[in-house]
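Here's the structure, in structure tokens; my notes come after.
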Protein chains: 2
Amino acid sequence: MVQVVDVPSMASWIASAGAEARIAGIADYIESDFTNWKSFDKVPRLAAHSRDGVIELMPASDGELYGFKYVNGHPVNPSRGLQTVVAFGMLSDVATGYPLLISEMTLLTALRTAATSALAARYLARADATRMALIGCGSQSEFQALGFRALLGINALTLWDTDPAALIKAEANLTRLGFEVRIAIDAADAVAEADIVTTCTADKTLATILLDEHVRPGMHINAIGGDCPGKTELDPHILQRARIVVEFEPQTRIEGEIQHLPAEQSVTELWHIIRAEAPGRVSDEEITVFDSVGFAIEDFAALRYVRDTLAAAEAGELDLLAAPADPKDLYSLVAASVSTPA
Amino acid sequence: MVQVVDVPSMASWIASAGAEARIAGIADYIESDFTNWKSFDKVPRLAAHSRDGVIELMPASDGELYGFKYVNGHPVNPSRGLQTVVAFGMLSDVATGYPLLISEMTLLTALRTAATSALAARYLARADATRMALIGCGSQSEFQALGFRALLGINALTLWDTDPAALIKAEANLTRLGFEVRIAIDAADAVAEADIVTTCTADKTLATILLDEHVRPGMHINAIGGDCPGKTELDPHILQRARIVVEFEPQTRIEGEIQHLPAEQSVTELWHIIRAEAPGRVSDEEITVFDSVGFAIEDFAALRYVRDTLAAAEAGELDLLAAPADPKDLYSLVAASVSTPA
């Protein structure tokens, strides 16, 4: 039997500790797995692009467990009443190849993305940062806010989105969560008083969400919406004067903000900073950019955390593993059914 | 909701028409998808190798549907009471990225492997072939026999395996299925009267299952057990005097029997023969080898066939797709749970 975490189970698991605590827990697991970076099998995700979106497989393994995520990205989906991103994933045992756990990952991806952003910001944002601008108020926005409160104590938010309904939705959710919330009149206004700017937009057609002139010394920019070839959010001039941190360089060169940069412009992988092999923020004036596209080890860490903390009663199970009495007699499973009238 | 086909559902679906008819149905779908070869997104499978085995992801898409299979290969597993190969997979809608169907694929892989072998043999074996040698009597053997009976009318079998228990098991199953079965005393004896030789062994350590001296003019060799770097079954001399047909050359060069051949020795991809762009068997004396490793389009075709023929009552469903009333308010699913005591 394979453990199964469906959407209601995942929502209940998140609620049992609270989303903020779950994001913090996932951040710890990501930090631990990033510390063990060299022991992982790493490949850029396998993407299948189509007219309206992309479907990706993201595998990772630490030699004991193997995990992968199936995830799409279809910016047109909300106009159809659907999620831009849905995902599911699994963990299996490397020694036998047998699946252990299958989980919904639409909610879990939202948590792990926020966990990764906040983890990076803990190394890259100014220690005295108090206000974050959230540009893009879709499905990811509340989770980002909770992640930054959990890991950095950020409680003041300025929101901006070109969709007024999304702004109103985020304001209501975030006010109820106890944040001090201001709605901006445009992107420039949103970042005017912010120490941290999070861009989490989904639209492929609005390629420049944040202009160079909006960016002040000392800012940390958490750029998570640009994650596909042709889909970016930042004015490339920002990248010229910022320190750029990425997850896994071979993948980010293809998908991230740095797809516009020459290959010789160097970037730092986050795990080097976590292992103290590279510095985090080096001055109060430095502009830092976390060019995040999402990497398989983050999903692996999130799935590990779910598996380690899930109460048995919170998971279902699925009979997905054929188990004939004689392991070489797979046919017996069919032969036995033959006598049953269909 | 995502449709789910677990092991009991798959066994019942197979039994409702009979394994032989299901293999024939899958062969038709594979033939159809191989005919549309050029419309597919094709990549060699993504393999993660470890000490005891391999875990692979095999995606394919025809632009309307996307599918992938998770599959392992652990030859040591039967000694632990486990299957060498377990698998599951899914189909999703390319337009939205949403999963449609998740299915067990341990049984389904056995069927689609037999379907592919028999389909290739219909183009490559002599039309007057009557007897097949089955070398390797593990989980795949009965399905191979059924596939060759369904597509080529083969009813006489000679069996060989180094494991006597596997031989006895296969003899019992195949006799019950109405085959004329003879047990050989070794591999040479097994192929002595055979027109077709199927090698389906799993052990990585026995690299040469079939010697060159066993192979007579006119034979068709269906080599399906050699499917990993370092895991092959045929004496390389056989490949020097045979016409070699493969599924997807970039993958087979890495994993198949031809991993031992120089890159310039040409092979034919099966879809060319199916489309009549390359000849099948050209003479009664020709030796043909189908160097099969398993390709993602075969799994895609099998999943399509399951989806098209599955009775609604045969599938379960899984709440795997987060569906908030406002598609941009994913957080609402967690907020709603917060009030529920965990």
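So you can find residues: chains in the structure tokens are A, B, ... in the order shown, residues in each start at 1, and ligands are numbered from 1 in order.
Here the residues within segment 244-294 of chain A that DSSP labels strand (DSSP E or B) on the basis of the backbone are Ile244, Val245, Val246, Thr268, Glu269, Thr288, Val289, Phe290 and Asp291 of chain A.
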* To do: Write out as a PyMOL selection string the residues lying within 8 Å of Gly63 of chain A, counting only C-alpha atoms and excluding same-chain residues fewer than 3 positions away.
  => (chain A and resi 39-41+66+94) or (chain B and resi 50)
* Nearby residues (only C-alpha atoms) at most 12 Å from Tyr29 of chain B, same-chain spacing under 6 positions excluded, as a count of residues only -> 21
* Find the residues in chain A near chain B: any atom within 7 Å counts, using only C-alpha atoms. Write them as number ranges by chain. => A: 6-7, 11-12, 14-16, 52, 55, 72, 74, 77-78, 81-83, 86, 95-98, 104, 106, 138-139, 142, 166, 318-322, 327-331, 333-334, 337-338, 342
* Asked: What is the atom CA of Leu108 of chain B-atom CA of Ala172 of chain B distance in Å, reported with one decimal?
  -> 22.2 Å
* Counting only C-alpha atoms, what is within 8 Å of segment 253-260 of chain A, bar same-chain residues fewer than 2 positions away, as a list in words? ->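 The contact residues come out as Gly226, Asp227, Cys228, Pro229, Gly230, Lys231, Thr232, Glu233, Leu234, Pro236, Leu239, Glu249, Pro250, Gln251, Pro262, Ala263, Asp291, Ser292 and Val293 of chain A.
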* Just list the residues in segment 27-225 of chain B DSSP gives helix (DSSP H, G or I) on the backbone, as an NGL selection string. => :B and (27-35 or 37-39 or 77-80 or 106-124 or 141-152 or 164-176 or 187-191 or 212-214)
* Have a look at atom CA of Thr288 of chain B and atom CA of Ala125 of chain B and let me know their distance in Å, one decimal. =>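 Answer for the atom CA of Thr288 of chain B to atom CA of Ala125 of chain B separation: 7.4 Å.
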* In Å to one decimal, how far is atom CA of Glu20 of chain B from atom CA of Phe179 of chain B? -> 12.8 Å
* To do: Select, from B:Glu247, B:Asp163, B:Asp212, B:Asp235, the residue with the minimum atom-to-atom distance to Phe295 of chain B, counting only C-alpha atoms.
  =>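 Of B:Glu247, B:Asp163, B:Asp212, B:Asp235, the one nearest Phe295 of chain B, counting only C-alpha atoms, is B:Glu247.
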Determine, counting only C-alpha atoms, which protein, DNA and RNA residues have an atom within 7 Å of an atom of Val246 of chain B; residues of the same chain fewer than 2 positions away are not included. Present the result as a CSV table (one decimal) with C-alpha atoms, in the first residue's frame.
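Resulting contents of result-v1.csv:
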chain,number,residue,atom,x,y,z
B,244,ILE,CA,18.5,-4.6,-35.8
B,248,PHE,CA,13.9,5.2,-30.1
B,249,GLU,CA,17.5,5.1,-31.2
B,252,THR,CA,18.5,2.4,-27.1
B,267,VAL,CA,19.7,0.4,-36.9
B,268,THR,CA,16.0,0.9,-37.9
B,269,GLU,CA,13.4,2.5,-35.7
B,270,LEU,CA,10.2,0.4,-35.6
B,290,PHE,CA,14.1,-6.4,-31.9
B,291,ASP,CA,16.4,-4.7,-29.4
B,292,SER,CA,13.6,-3.5,-27.1
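Residue nearest Asn222 of chain A, chosen from A:Ala24, A:Ala312, A:Ala278, A:Leu210 and counting only C-alpha atoms: A:Leu210.
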